[in-house]
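A.B. asks: Have a look at this one before I ask anything.
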Amino acid sequence: MRTWTIRKLLNWLITQFEKNDIISPKQNAETIISHVLKMKRLDIYLHLEKEISKTLSNLILDIALRREKHEPLQYILGETEFYGYKIKVCNSVLIPRPETELLVEKIINEEKKVNSLLEIGTGSGAIAIALAKNLNAKTIDAVDISETALKTAQQNADLNNVEINFFHSDIFENVTGRYDIIVSNPPYISQTEYEQLSKEIKDHEPKSALQAKNNGLYFYEKILQNAKEHLTKSGKIYFEIGYDQADKIIEIAKENGFCNIRVFKDLNGFDRIMRIFNT
Ligand SMILES: C[S@@+](CC[C@H](N)C(=O)[O-])C[C@H]1O[C@@H](n2cnc3c(N)ncnc32)[C@H](O)[C@@H]1O
């Protein structure tokens, strides 16, 4: 019977992932092994000759088999990290993306005094949780149309010891308050762009969290049409946006009475964040 050491498992996984065109094969292999063995990623290199029990090596090989078939690792492991916080994910919620951390960072850097904040389309709760951890806001409300997402978001808030009021709402439908900040990373991918996404995304992540009508602009339109009723006088909206959507969203914002608008780029130089002042 074959005895698996960390070195053998690492080499086997990397080879399998390379054969199956998994991006970053080494990183995937290290993450799986360190997750199952409850070790830090770099520590596995200090124990390369350690023999691994049959149970644990089978678990690692089972996970690798799912990953080989392009299931996202975050869904297989049931968790990811966002802005340094552990976030549980299942396939009813979008896996929070690194570019969304920039949205959170922007708000934390710019907003020193926030009383109330609303997140629209909270999914796993990642944005609201990172903001709750870093802003001293009295009220943080977060809505989503998906009941399963809201349950996951509540679990994540409990896991991270923050208090957020999650409730079901189709955009503003059940929202009554006014807020200093409204933040949203809404679905913003057009139908055409959706078709071009990788199988890894299309087969596993919820389409309702990604794709939007009106060429991807539906949620920006709906939010901007109704936002003035839900912002304090000095309130602001922060959006994550698609790299080619800034001009169109600025036009929609202007049509709805907003004139102080700024766009910020991501690390690749693409338009990614929009900040809109109420007045
Ligand atoms: C792009 S995901 C963002 C998830 C999370 N905030 C993040 O940044 O990782 C968009 C979210 O909007 C939610 N959503 C879709 N339609 C909605 C609607 N009509 N009203 C409220 N939320 C909606 C989806 O369920 C999904 O959780």
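Simple scheme: letters A, B, ... for chains in structure tokens order, numbers from 1 for residues in each chain, numbers from 1 for ligands in the order shown.
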Within 9 Å of Glu30 (chain A), counting only C-alpha atoms, which residues show up once you throw out same-chain ones fewer than 3 positions away? Write them as an mmCIF file with C-alpha atoms, in the first residue's frame, please.

C.D. replies:
```
data_model
loop_
_atom_site.group_PDB
_atom_site.id
_atom_site.type_symbol
_atom_site.label_atom_id
_atom_site.label_comp_id
_atom_site.auth_asym_id
_atom_site.auth_seq_id
_atom_site.Cartn_x
_atom_site.Cartn_y
_atom_site.Cartn_z
ATOM 1 C CA LEU A 10 2.323 17.955 -3.101
ATOM 2 C CA LEU A 13 -1.485 17.301 -6.764
ATOM 3 C CA ILE A 14 0.664 19.756 -8.725
ATOM 4 C CA PRO A 25 -1.329 24.545 -9.523
ATOM 5 C CA LYS A 26 1.271 24.894 -6.771
ATOM 6 C CA GLN A 27 -0.806 27.388 -4.803
ATOM 7 C CA ILE A 33 -2.745 20.262 1.995
ATOM 8 C CA SER A 34 -2.367 23.018 4.579
ATOM 9 C CA HIS A 35 -6.161 23.247 5.037
ATOM 10 C CA ARG A 41 0.997 27.104 4.028
ATOM 11 C CA LEU A 42 4.714 27.685 4.352
ATOM 12 C CA ILE A 44 4.288 22.305 4.969
#
```

A.B. asks: Give the residue list for ligand 1 at 7 Å, counting only C-alpha atoms and all ligand atoms, as a ChimeraX atom specification, sorted by chain and then by residue number.

C.D. replies: /A:93-97,100,120-127,143-146,149,169-171,184-187,208-210

A.B. asks: Kindly save the residues from that selection, with N, CA and C atoms included, as a short mmCIF file (atom, residue, chain, number, x, y, z; two decimals), in the first residue's frame.

C.D. replies:
```cif
data_model
loop_
_atom_site.label_atom_id
_atom_site.label_comp_id
_atom_site.auth_asym_id
_atom_site.auth_seq_id
_atom_site.Cartn_x
_atom_site.Cartn_y
_atom_site.Cartn_z
N VAL A 93 -23.73 31.76 -2.73
CA VAL A 93 -23.16 33.12 -2.63
C VAL A 93 -21.93 33.24 -3.52
N LEU A 94 -21.75 34.44 -4.03
CA LEU A 94 -20.56 34.71 -4.84
C LEU A 94 -19.32 34.61 -3.95
N ILE A 95 -18.24 34.10 -4.49
CA ILE A 95 -16.96 34.11 -3.76
C ILE A 95 -16.46 35.55 -3.79
N PRO A 96 -16.25 36.17 -2.61
CA PRO A 96 -15.79 37.56 -2.64
C PRO A 96 -14.47 37.68 -3.39
N ARG A 97 -14.34 38.72 -4.22
CA ARG A 97 -13.18 38.89 -5.09
C ARG A 97 -12.17 39.86 -4.49
N THR A 100 -12.80 43.57 -4.77
CA THR A 100 -13.82 44.14 -3.88
C THR A 100 -13.18 44.64 -2.58
N ILE A 120 -26.27 46.95 -0.32
CA ILE A 120 -27.27 46.30 -1.18
C ILE A 120 -26.61 45.15 -1.93
N GLY A 121 -27.16 43.94 -1.75
CA GLY A 121 -26.60 42.75 -2.42
C GLY A 121 -25.42 42.22 -1.62
N THR A 122 -25.68 41.85 -0.37
CA THR A 122 -24.57 41.54 0.55
C THR A 122 -23.93 40.17 0.31
N GLY A 123 -24.67 39.22 -0.29
CA GLY A 123 -24.11 37.90 -0.57
C GLY A 123 -23.60 37.23 0.70
N SER A 124 -22.31 36.92 0.74
CA SER A 124 -21.71 36.28 1.93
C SER A 124 -21.61 37.22 3.12
N GLY A 125 -21.87 38.51 2.89
CA GLY A 125 -21.75 39.50 3.97
C GLY A 125 -20.36 40.10 4.06
N ALA A 126 -19.47 39.71 3.14
CA ALA A 126 -18.05 40.08 3.26
C ALA A 126 -17.83 41.59 3.39
N ILE A 127 -18.48 42.38 2.53
CA ILE A 127 -18.25 43.84 2.55
C ILE A 127 -18.75 44.42 3.88
N VAL A 143 -28.83 44.06 2.78
CA VAL A 143 -29.96 43.35 2.18
C VAL A 143 -29.49 42.46 1.03
N ASP A 144 -30.31 41.47 0.76
CA ASP A 144 -30.09 40.62 -0.42
C ASP A 144 -31.44 40.03 -0.80
N ILE A 145 -31.55 39.63 -2.07
CA ILE A 145 -32.80 39.01 -2.51
C ILE A 145 -32.78 37.51 -2.23
N SER A 146 -31.59 36.96 -1.95
CA SER A 146 -31.47 35.52 -1.71
C SER A 146 -31.50 35.21 -0.22
N ALA A 149 -28.38 33.36 0.88
CA ALA A 149 -27.24 34.27 1.06
C ALA A 149 -27.36 34.96 2.42
N SER A 169 -34.62 41.97 0.82
CA SER A 169 -35.17 43.11 0.09
C SER A 169 -34.74 43.02 -1.37
N ASP A 170 -35.70 43.33 -2.24
CA ASP A 170 -35.37 43.48 -3.66
C ASP A 170 -34.89 44.93 -3.81
N ILE A 171 -33.63 45.11 -3.85
CA ILE A 171 -32.96 46.43 -3.80
C ILE A 171 -33.53 47.22 -2.61
N SER A 184 -22.61 49.19 -2.67
CA SER A 184 -23.07 48.02 -3.40
C SER A 184 -22.05 47.54 -4.42
N ASN A 185 -21.89 46.23 -4.44
CA ASN A 185 -21.19 45.56 -5.53
C ASN A 185 -22.27 44.69 -6.19
N PRO A 186 -23.10 45.31 -7.03
CA PRO A 186 -24.26 44.57 -7.54
C PRO A 186 -23.86 43.64 -8.68
N PRO A 187 -24.78 42.78 -9.12
CA PRO A 187 -24.49 42.03 -10.35
C PRO A 187 -24.31 43.07 -11.46
N SER A 208 -27.47 34.77 -10.68
CA SER A 208 -28.21 35.94 -10.18
C SER A 208 -27.30 36.91 -9.42
N ALA A 209 -26.10 36.45 -9.03
CA ALA A 209 -25.16 37.35 -8.33
C ALA A 209 -24.23 38.04 -9.31
N LEU A 210 -24.27 37.60 -10.58
CA LEU A 210 -23.28 38.11 -11.53
C LEU A 210 -23.89 38.94 -12.66
#
```

A.B. asks: Provide the CA of Ile237 (chain A) to CA of Asn268 (chain A) distance in Å, to one decimal place.

C.D. replies: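 Computing the Euclidean distance for CA of Ile237 (chain A) and CA of Asn268 (chain A) yields 23.0 Å.
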
A.B. asks: For region 251-260 of chain A, list every protein, DNA or RNA residue within 9 Å, evaluated using only C-alpha atoms, and leave out those in the same chain fewer than 5 positions away; present the list as a PDB file with C-alpha atoms, in the first residue's frame.

C.D. replies:
```
ATOM      1  CA  TYR A 220     -27.025  50.968 -10.940  1.00  0.00           C
ATOM      2  CA  GLU A 221     -30.152  52.442 -12.568  1.00  0.00           C
ATOM      3  CA  LEU A 224     -29.618  55.670  -8.418  1.00  0.00           C
ATOM      4  CA  GLN A 225     -33.302  56.248  -9.219  1.00  0.00           C
ATOM      5  CA  ASN A 226     -34.241  55.658  -5.560  1.00  0.00           C
ATOM      6  CA  LYS A 228     -31.994  60.112  -2.719  1.00  0.00           C
ATOM      7  CA  ALA A 246     -18.048  54.386 -15.650  1.00  0.00           C
ATOM      8  CA  ARG A 275     -18.113  57.455  -5.255  1.00  0.00           C
ATOM      9  CA  ILE A 276     -21.199  59.642  -5.589  1.00  0.00           C
ATOM     10  CA  PHE A 277     -22.062  62.453  -3.160  1.00  0.00           C
ATOM     11  CA  ASN A 278     -25.732  63.151  -2.443  1.00  0.00           C
ATOM     12  CA  THR A 279     -25.169  66.905  -2.473  1.00  0.00           C
TER      13      THR A 279
END
```

A.B. asks: How close does each residue of region 79-183 of chain A get to region 230-236 of chain A, giving the shortest atom pair and distance in Å to one decimal for every residue with an atom at most 6 Å away, counting only C-alpha atoms, sorted by chain and residue number, as a Markdown table?

C.D. replies:
```
| residue | atom | partner | partner_atom | distance |
| --- | --- | --- | --- | --- |
| A:Arg178 | CA | A:His230 | CA | 4.1 |
| A:Tyr179 | CA | A:Leu231 | CA | 4.8 |
| A:Asp180 | CA | A:Gly235 | CA | 4.2 |
| A:Ile181 | CA | A:Lys236 | CA | 5.1 |
```

A.B. asks: Based on the selection just made, write C-alpha atoms of those residues as a compact mmCIF listing (two decimals), in the first residue's frame.

C.D. replies:
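Wrote out05.txt, looks like this:
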```txt
# COMPACT_ATOMS: atom_id res chain seq x y z
CA ARG A 178 -31.68 56.93 5.52
CA TYR A 179 -27.97 56.23 5.52
CA ASP A 180 -24.65 58.08 5.50
CA ILE A 181 -23.24 55.44 3.17
```

A.B. asks: Which parts of region 80-278 of chain A does DSSP call strand (DSSP E) when run on the backbone here, written out as a ChimeraX atom specification?

C.D. replies: /A:80-82,85-88,116-120,139-144,165-168,179-184,231-240,261-265,271-277

A.B. asks: What would the file look like if the residues just selected were written as a short mmCIF file (atom, residue, chain, number, x, y, z; two decimals), in the first residue's frame with N, CA and C atoms?

C.D. replies:
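Wrote selection-v5.cif, looks like this:
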```
data_model
loop_
_atom_site.label_atom_id
_atom_site.label_comp_id
_atom_site.auth_asym_id
_atom_site.auth_seq_id
_atom_site.Cartn_x
_atom_site.Cartn_y
_atom_site.Cartn_z
N THR A 80 -13.29 31.20 2.60
CA THR A 80 -12.26 32.00 1.94
C THR A 80 -11.84 33.10 2.90
N GLU A 81 -10.94 33.96 2.44
CA GLU A 81 -10.55 35.08 3.28
C GLU A 81 -10.87 36.36 2.54
N PHE A 82 -11.43 37.33 3.24
CA PHE A 82 -11.72 38.62 2.62
C PHE A 82 -11.27 39.71 3.57
N TYR A 85 -10.46 38.57 6.95
CA TYR A 85 -11.47 37.91 7.77
C TYR A 85 -11.90 36.60 7.12
N LYS A 86 -12.15 35.60 7.98
CA LYS A 86 -12.61 34.31 7.45
C LYS A 86 -14.09 34.42 7.07
N ILE A 87 -14.41 34.00 5.85
CA ILE A 87 -15.78 34.11 5.35
C ILE A 87 -16.19 32.74 4.81
N LYS A 88 -17.30 32.22 5.35
CA LYS A 88 -17.80 30.93 4.85
C LYS A 88 -18.55 31.16 3.55
N SER A 116 -24.48 55.49 9.92
CA SER A 116 -25.34 54.44 9.39
C SER A 116 -24.90 54.06 7.98
N LEU A 117 -24.99 52.78 7.70
CA LEU A 117 -24.52 52.28 6.40
C LEU A 117 -25.46 51.16 5.93
N LEU A 118 -25.73 51.17 4.63
CA LEU A 118 -26.54 50.11 4.02
C LEU A 118 -25.74 49.44 2.92
N GLU A 119 -25.72 48.11 2.93
CA GLU A 119 -25.14 47.40 1.77
C GLU A 119 -26.26 46.73 0.98
N ILE A 120 -26.27 46.95 -0.32
CA ILE A 120 -27.27 46.30 -1.18
C ILE A 120 -26.61 45.15 -1.93
N THR A 139 -25.22 51.85 13.03
CA THR A 139 -26.14 50.93 12.35
C THR A 139 -25.53 50.45 11.04
N ILE A 140 -25.49 49.14 10.87
CA ILE A 140 -25.13 48.58 9.56
C ILE A 140 -26.25 47.64 9.14
N ASP A 141 -26.93 48.01 8.06
CA ASP A 141 -27.99 47.18 7.49
C ASP A 141 -27.44 46.58 6.19
N ALA A 142 -27.89 45.37 5.88
CA ALA A 142 -27.42 44.75 4.64
C ALA A 142 -28.55 43.89 4.08
N VAL A 143 -28.83 44.06 2.78
CA VAL A 143 -29.96 43.35 2.18
C VAL A 143 -29.49 42.46 1.03
N ASP A 144 -30.31 41.47 0.76
CA ASP A 144 -30.09 40.62 -0.42
C ASP A 144 -31.44 40.03 -0.80
N ASN A 165 -27.63 44.13 10.69
CA ASN A 165 -29.04 43.74 10.50
C ASN A 165 -29.21 43.29 9.06
N PHE A 166 -29.32 41.99 8.87
CA PHE A 166 -29.52 41.46 7.51
C PHE A 166 -31.01 41.30 7.27
N PHE A 167 -31.50 41.77 6.14
CA PHE A 167 -32.90 41.47 5.82
C PHE A 167 -33.13 41.36 4.33
N HIS A 168 -34.24 40.67 4.04
CA HIS A 168 -34.59 40.39 2.65
C HIS A 168 -35.13 41.65 1.99
N TYR A 179 -29.31 56.68 5.17
CA TYR A 179 -27.97 56.23 5.52
C TYR A 179 -26.90 57.25 5.12
N ASP A 180 -25.81 57.25 5.88
CA ASP A 180 -24.65 58.08 5.50
C ASP A 180 -23.94 57.47 4.30
N ILE A 181 -23.91 56.15 4.28
CA ILE A 181 -23.24 55.44 3.17
C ILE A 181 -24.16 54.34 2.64
N ILE A 182 -24.31 54.33 1.32
CA ILE A 182 -24.91 53.16 0.67
C ILE A 182 -23.81 52.55 -0.18
N VAL A 183 -23.55 51.26 0.05
CA VAL A 183 -22.49 50.60 -0.71
C VAL A 183 -23.08 49.40 -1.45
N SER A 184 -22.61 49.19 -2.67
CA SER A 184 -23.07 48.02 -3.40
C SER A 184 -22.05 47.54 -4.42
N LEU A 231 -30.64 58.44 1.44
CA LEU A 231 -29.35 59.00 1.84
C LEU A 231 -29.57 60.18 2.77
N THR A 232 -28.67 60.35 3.75
CA THR A 232 -28.69 61.58 4.53
C THR A 232 -28.18 62.69 3.60
N LYS A 233 -28.33 63.96 4.06
CA LYS A 233 -27.97 65.09 3.18
C LYS A 233 -26.51 64.98 2.72
N SER A 234 -25.62 64.62 3.67
CA SER A 234 -24.20 64.51 3.29
C SER A 234 -23.82 63.08 2.92
N GLY A 235 -24.84 62.27 2.63
CA GLY A 235 -24.60 60.85 2.35
C GLY A 235 -23.87 60.60 1.04
N LYS A 236 -23.32 59.40 0.90
CA LYS A 236 -22.56 59.04 -0.31
C LYS A 236 -22.89 57.61 -0.73
N ILE A 237 -22.76 57.39 -2.02
CA ILE A 237 -22.90 56.02 -2.54
C ILE A 237 -21.52 55.55 -2.97
N TYR A 238 -21.19 54.33 -2.66
CA TYR A 238 -19.96 53.71 -3.19
C TYR A 238 -20.36 52.46 -3.98
N PHE A 239 -19.93 52.40 -5.24
CA PHE A 239 -20.21 51.24 -6.08
C PHE A 239 -18.91 50.57 -6.49
N GLU A 240 -18.95 49.24 -6.62
CA GLU A 240 -17.95 48.58 -7.47
C GLU A 240 -18.57 48.58 -8.87
N ILE A 261 -19.26 63.30 -8.59
CA ILE A 261 -19.00 61.87 -8.84
C ILE A 261 -17.51 61.67 -9.10
N ARG A 262 -16.95 60.62 -8.52
CA ARG A 262 -15.54 60.33 -8.80
C ARG A 262 -15.31 58.84 -9.03
N VAL A 263 -14.42 58.55 -9.96
CA VAL A 263 -14.12 57.15 -10.28
C VAL A 263 -12.68 56.85 -9.85
N PHE A 264 -12.48 55.69 -9.26
CA PHE A 264 -11.14 55.27 -8.84
C PHE A 264 -10.77 53.98 -9.57
N LYS A 265 -9.48 53.85 -9.86
CA LYS A 265 -9.01 52.68 -10.63
C LYS A 265 -8.54 51.56 -9.71
N ASP A 271 -11.04 51.24 -14.32
CA ASP A 271 -12.05 51.87 -13.48
C ASP A 271 -12.73 50.78 -12.66
N ARG A 272 -12.86 50.99 -11.33
CA ARG A 272 -13.39 49.89 -10.51
C ARG A 272 -14.32 50.36 -9.40
N ILE A 273 -14.08 51.61 -8.91
CA ILE A 273 -14.89 52.09 -7.79
C ILE A 273 -15.48 53.44 -8.16
N MET A 274 -16.73 53.66 -7.79
CA MET A 274 -17.33 54.98 -8.02
C MET A 274 -17.87 55.51 -6.69
N ARG A 275 -17.59 56.80 -6.46
CA ARG A 275 -18.11 57.45 -5.25
C ARG A 275 -19.02 58.60 -5.70
N ILE A 276 -20.22 58.64 -5.17
CA ILE A 276 -21.20 59.64 -5.59
C ILE A 276 -21.73 60.36 -4.35
N PHE A 277 -21.55 61.67 -4.30
CA PHE A 277 -22.06 62.45 -3.16
C PHE A 277 -23.53 62.76 -3.40
#
```
